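Everything below concerns the one structure shown next.
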Amino acid sequence: MAQLKRKGPIVFLTFLSLITVFSQVLRVYELAIPPLLIGLIAGFCLIIGFVPYYSLKCLLGIVSFIFSLYTLLPLDEPLSLQWMTALFDKMIGNFQAFFTGASTFISQDSAIPLLLLVLLLLAVLMIQFERFLFSYFLMVSYLLVLSVFHTDNLSSHLALLLICGILSRTFRQKSLPPKLFIGVILVFLVVGFSAIQLTNSEIRTVLTNWTSPIRNFANQQGLYNWIQHASYSSTARTGFSENDQQLGGALLDDSTILFEVTQKDTSYWRVESKDFYTGKGWENTNQVQTWSRNRQAPLVVETQQSDQYYKAAEASSSRYFNHGTYLPLPYGNSSITVTEGSTNFIRAEETGRVDFGGSNQTERAIHNQWSPPDYQLAALENISLTLPSDTTVDYLQLPNSLPARISELAREIIGSETSLLNQVSAVENYLKNNDDFRYSKIDAASPADDQDYIDQFLFETKVGYCDNFSSSMVILLRTLGIPARWTKGFAPGDQTLNTNGETTFTIRNLHAHSWVEVYFAGFGWLPFEPTPSFSNPSQPEAAEESTAPNSAVSESSVDASDSSSQNQSTSSTLADGSGDNEITDQEGLPRFLIPLILIGSAAVAIWLFQKYLLRIRVIILKKITRQPLRKIYPLLLKKMERNLARDSSETLSDYAKRVEKKEPGLEGAFLKLTADYEKLLYGQPTTLNFDHELVDKIIFYIENKKAARE
């Protein structure tokens with residue numbers, strides 16, 4: 001009964017946790033969890049918790065494992081040696097194909113046994129050894145990976161696991177009366193069922209917010225991108241996209257280098273703008289105003305109008321790798337000349353995009369005599385609302401289906417502001433500095449078929465990345481009659497300061513970014529940055545004294561420490577021709593899961609070996625010695641002396657009494673075992689039975705003391 005009181009809650013919570021995780025494992029392979037399998041896993045947990053002998057536990061555990069496998073993978077065979085041989089042959093053949101590169105995936109027949117084995121090892125770790133932190137960390141991590149690659153909301157499952165982990169820790173050294181234990185189970189079932197059913201409950205929201213920094217950090221380190229390289233996930237990666245018609249969904253950071261620029265000042269690298277919002281993404285209405293220029297003559301590109309003041313020109317050199325044909329350019333006045341790889345430029349006047357032409361080389365280089373923009377926000381304060389007159393494009397375009405609450409929100413944001421600059425700044429600040437919105441590439445959701453992309457972000461999810469924030473600002477401004485357009489390119493990138501005072505900017509796929517351009521008469525299209533933690537160096541944030549007439553200048557460079565926040569930029573989807581999103585056979589296990597399974601298994605084995613070396617040694621001594629107490633007691637005594645030193649003149653019984661007095665949690669176990677050992681030493685081995693329960697209680701005490709010290 002004492003064992004039931006102490007182990008019962010832990011067995012139940014472990015069973016519930018395993019079912020929660022394994023149901024998601026099977027869902028990946030579009031398999032339902034059979035009722036018989038639930039019973040087998042429950043039986044396995046009961047065996048670990050209540051069967052007294054290790055040899056019997058192992059035997060019954062192996063039988064349960066075999067029956068569980070057969071329930072999931074019968075292979076059209078009766079349960080027999082022939083079935084086991086067929087399954088083993090399938091696994092060996094698939095592993096050989098996988099490790100020789102002939103197959104990218106581990107098949108379902110090979111994956112399920114591995115995953116089931118890992119879960120059962122976790123069951124042993126939680127029930128037998130009561131180590132919960134490591135076990136629940138692995139299970140929660142697995143569900144977090146699934147939530148990214150299968151776009152399902154697993155917050156309720158994660159909440160359930162965390163509750164199980166907390167309760168398991170609580171019950172670790174406490175026993176409950178049977179009636180109270182049953183009551184706890186009933187209450188827990190009600191709470192767990194509510195957590196699953198109430199999809200918008202507070203606990204789910206809190207859990208998602210708590211775990212978001214972990215997922216964002218893993219994404220920034222390239223973990224998810226590494227996983228996707230060998231998976232069948234269709235989740236997009238960061239990078240410049242030619243197709244922005246369908247925005248939304250998670251993005252995985254890709255650190256592939258696209259180009260490098262060496263110059264003094266810092267800038268966003270502008271590629272193009274888009275003007276037509278569809279309710280799902282962006283298109284361009286005018287693609288025909290293009291012209292080309294031979295490489296022998298410099299191409300002058302101004303991102304603003306000719307009456308814009310500029311700083312003194314500086315030399316800039318750029319080298320481009322496998323990035324496509326587009327040419328990212330800094331804000332200001334650029335005079336570009338090809339130095340390697342192409343014969344001409346192609347420019348789209350309306351969008352400001354420049355492409356390389358006349359060569360299929362993958363590496364290109366240019367020289368740019370570049371003058372950064374030189375103005376301050378104060379110069380814009382008295383500029384009134386004006387529509388651009390040199391274009392046929394409607395920069396106030398809105399879809400007919402745009403929800404009315406978006407324009408109502410825009411009017412609420414600007415309040416009583418009347419000037420163009422103040423209205424634009426109010427919308428920018430609302431998105432950039434509002435605690436209601438959260439920046440995350442991993443948690444961003446895709447809108448449903450009947451949802452507007454911006455409406456979903458502003459009023460429902462409020463979680464996203466640059467595409468969400470920049471698109472929202474453009475549309476909010478347009479509802480106020482302010483001409484704005486969606487602009488894309490790259491954030492400054494990773495910065496390396498050279499000895500000559502110049503900086504080399506290394507721009508990767510993960511630096512792809514989108515922002516907003518607003519039309520100001522006399523200045524043209526000026527950049528604004530609504531995405532939290534980003535700062536466009538081409539947009540002055542405060543008025544400073546300028547070196548140019550009737551104008552002021554802001555610092556356009558940022559130090560290396562500021563660039564870390566800019567390195568989190570993204571684009572909407574993959575660049576054309578990438579093929580990284582190719583979907584393959586989903587019945588096989590993604591290649592990335594195999595290292596995870598092997599690492600998980602190795603981690604469990606290492607944990608068991610290191611943390612439970614004492615217990616393992618005791619088990620071995622029980623099996624190989626006729627009088628195990630003669631070998632085991634000195635081992636336990638040595639471990640006990642690490643917690644409480646023993647005097648050289650102190651007898652074993654006196655030391656045991658002192659230990660029991662200091663550690664009442666032992667409940668006399670060490671004193672009783674010491675007495676048995678002394679009887680053994682004084683010639684009474686034939687009447688003395690080895691007390692397994694006393695040894696287990698002492699080992700449990702020693703392990704807890706060791707964990708507390710660590």
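Simple scheme: letters A, B, ... for chains in structure tokens order, numbers from 1 for residues in each chain, numbers from 1 for ligands in the order shown.
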
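Residues within 6 Å of A:Val516, counting only C-alpha atoms and excluding same-chain residues fewer than 6 positions away, are Ser470, Trp486, Thr487, Pro527 and Phe528 of chain A.
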
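For the atom pair formed by atom CA of A:Glu650 and atom CA of A:Ile699, the distance is 22.5 Å, given to one decimal.
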
Which residues are near A:Arg485? Cut-off 9 Å, only C-alpha atoms, ignore same chain within fewer than 5 positions. Put them as a ChimeraX atom specification. /A:273-276,395-396,471,474-475,478,515-519,525

Hey, can you spit out that residue selection with all heavy atoms as a compact mmCIF listing (two decimals), in the first residue's frame?
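The resulting file, selection.txt, is shown below:
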```txt
# COMPACT_ATOMS: atom_id res chain seq x y z
N SER A 273 9.86 48.00 -54.75
CA SER A 273 8.62 48.25 -54.03
C SER A 273 7.48 47.55 -54.76
O SER A 273 7.58 47.23 -55.95
CB SER A 273 8.33 49.75 -53.93
OG SER A 273 8.13 50.29 -55.24
N LYS A 274 6.37 47.31 -54.03
CA LYS A 274 5.16 46.76 -54.63
C LYS A 274 3.97 47.60 -54.18
O LYS A 274 3.96 48.13 -53.06
CB LYS A 274 5.00 45.29 -54.25
CG LYS A 274 6.09 44.42 -54.88
CD LYS A 274 5.79 42.94 -54.81
CE LYS A 274 6.86 42.15 -55.58
NZ LYS A 274 6.61 40.69 -55.58
N ASP A 275 2.98 47.70 -55.05
CA ASP A 275 1.93 48.69 -54.81
C ASP A 275 0.53 48.13 -54.64
O ASP A 275 -0.34 48.78 -54.09
CB ASP A 275 1.91 49.70 -55.97
CG ASP A 275 1.65 49.03 -57.31
OD1 ASP A 275 0.48 48.74 -57.63
OD2 ASP A 275 2.63 48.77 -58.04
N PHE A 276 0.26 46.91 -55.12
CA PHE A 276 -1.12 46.42 -55.15
C PHE A 276 -1.32 45.35 -54.08
O PHE A 276 -0.70 44.28 -54.12
CB PHE A 276 -1.45 45.84 -56.53
CG PHE A 276 -2.90 45.54 -56.73
CD1 PHE A 276 -3.76 46.52 -57.21
CD2 PHE A 276 -3.43 44.29 -56.43
CE1 PHE A 276 -5.11 46.25 -57.40
CE2 PHE A 276 -4.77 44.02 -56.60
CZ PHE A 276 -5.62 45.01 -57.09
N TYR A 395 -1.35 54.64 -55.48
CA TYR A 395 -0.72 54.28 -54.21
C TYR A 395 -1.67 54.45 -53.03
O TYR A 395 -1.24 54.45 -51.88
CB TYR A 395 0.55 55.10 -54.00
CG TYR A 395 1.67 54.65 -54.90
CD1 TYR A 395 2.09 55.43 -55.98
CD2 TYR A 395 2.32 53.44 -54.68
CE1 TYR A 395 3.12 55.01 -56.81
CE2 TYR A 395 3.35 53.01 -55.51
CZ TYR A 395 3.74 53.80 -56.57
OH TYR A 395 4.76 53.38 -57.40
N LEU A 396 -2.96 54.59 -53.34
CA LEU A 396 -4.00 54.56 -52.31
C LEU A 396 -4.90 53.34 -52.48
O LEU A 396 -5.93 53.22 -51.80
CB LEU A 396 -4.86 55.84 -52.38
CG LEU A 396 -4.13 57.16 -52.12
CD1 LEU A 396 -5.11 58.32 -52.27
CD2 LEU A 396 -3.50 57.19 -50.73
N SER A 471 3.38 45.63 -44.02
CA SER A 471 2.14 45.61 -44.80
C SER A 471 1.02 46.32 -44.05
O SER A 471 0.22 47.06 -44.64
CB SER A 471 1.73 44.17 -45.10
OG SER A 471 2.70 43.51 -45.90
N VAL A 474 1.42 50.15 -44.31
CA VAL A 474 1.05 50.67 -45.63
C VAL A 474 -0.47 50.79 -45.75
O VAL A 474 -1.00 51.84 -46.16
CB VAL A 474 1.61 49.77 -46.75
CG1 VAL A 474 1.04 50.20 -48.10
CG2 VAL A 474 3.12 49.83 -46.78
N ILE A 475 -1.18 49.75 -45.36
CA ILE A 475 -2.64 49.77 -45.53
C ILE A 475 -3.30 50.73 -44.56
O ILE A 475 -4.27 51.43 -44.91
CB ILE A 475 -3.20 48.34 -45.37
CG1 ILE A 475 -2.62 47.45 -46.46
CG2 ILE A 475 -4.72 48.33 -45.44
CD1 ILE A 475 -2.81 47.95 -47.88
N ARG A 478 -2.88 54.08 -46.10
CA ARG A 478 -3.73 54.27 -47.29
C ARG A 478 -5.18 54.53 -46.92
O ARG A 478 -5.89 55.28 -47.62
CB ARG A 478 -3.63 53.04 -48.20
CG ARG A 478 -2.30 52.94 -48.94
CD ARG A 478 -2.31 51.79 -49.95
NE ARG A 478 -1.06 51.73 -50.70
CZ ARG A 478 -0.84 50.91 -51.72
NH1 ARG A 478 -1.79 50.05 -52.10
NH2 ARG A 478 0.31 50.92 -52.36
N TRP A 515 9.91 46.92 -45.47
CA TRP A 515 9.59 48.12 -44.70
C TRP A 515 8.61 48.97 -45.52
O TRP A 515 7.98 48.47 -46.46
CB TRP A 515 10.85 48.90 -44.32
CG TRP A 515 11.74 49.32 -45.46
CD1 TRP A 515 11.74 50.51 -46.10
CD2 TRP A 515 12.78 48.54 -46.09
NE1 TRP A 515 12.70 50.53 -47.09
CE2 TRP A 515 13.35 49.34 -47.09
CE3 TRP A 515 13.27 47.24 -45.90
CZ2 TRP A 515 14.40 48.89 -47.91
CZ3 TRP A 515 14.31 46.79 -46.69
CH2 TRP A 515 14.86 47.61 -47.68
N VAL A 516 8.48 50.25 -45.20
CA VAL A 516 7.44 51.12 -45.79
C VAL A 516 8.10 52.35 -46.41
O VAL A 516 9.07 52.88 -45.85
CB VAL A 516 6.43 51.56 -44.71
CG1 VAL A 516 5.36 52.48 -45.31
CG2 VAL A 516 5.79 50.34 -44.06
N GLU A 517 7.57 52.76 -47.54
CA GLU A 517 7.95 54.05 -48.12
C GLU A 517 6.71 54.93 -48.23
O GLU A 517 5.66 54.47 -48.70
CB GLU A 517 8.61 53.88 -49.49
CG GLU A 517 10.01 53.27 -49.41
CD GLU A 517 10.67 53.13 -50.76
OE1 GLU A 517 9.97 53.23 -51.79
OE2 GLU A 517 11.90 52.92 -50.79
N VAL A 518 6.86 56.18 -47.79
CA VAL A 518 5.76 57.16 -47.83
C VAL A 518 6.19 58.33 -48.69
O VAL A 518 7.35 58.77 -48.63
CB VAL A 518 5.40 57.64 -46.40
CG1 VAL A 518 4.23 58.61 -46.45
CG2 VAL A 518 5.07 56.45 -45.50
N TYR A 519 5.25 58.85 -49.48
CA TYR A 519 5.59 59.94 -50.41
C TYR A 519 5.50 61.30 -49.71
O TYR A 519 4.47 61.66 -49.12
CB TYR A 519 4.64 59.94 -51.61
CG TYR A 519 4.99 60.99 -52.64
CD1 TYR A 519 6.06 60.80 -53.52
CD2 TYR A 519 4.28 62.18 -52.72
CE1 TYR A 519 6.40 61.76 -54.44
CE2 TYR A 519 4.61 63.15 -53.65
CZ TYR A 519 5.68 62.94 -54.51
OH TYR A 519 6.02 63.91 -55.43
N TRP A 525 9.97 59.29 -52.16
CA TRP A 525 9.56 58.16 -51.33
C TRP A 525 10.58 57.94 -50.21
O TRP A 525 11.72 57.56 -50.48
CB TRP A 525 9.42 56.90 -52.18
CG TRP A 525 8.30 56.98 -53.17
CD1 TRP A 525 8.40 57.31 -54.49
CD2 TRP A 525 6.92 56.75 -52.91
NE1 TRP A 525 7.16 57.29 -55.08
CE2 TRP A 525 6.23 56.94 -54.12
CE3 TRP A 525 6.20 56.39 -51.78
CZ2 TRP A 525 4.84 56.80 -54.23
CZ3 TRP A 525 4.82 56.25 -51.88
CH2 TRP A 525 4.17 56.45 -53.09
```

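If you measure from each of A:Gly281, A:Gly332, A:Gly324, A:Pro78 to A:Gln539 using only C-alpha atoms, the closest one turns out to be A:Gly332.
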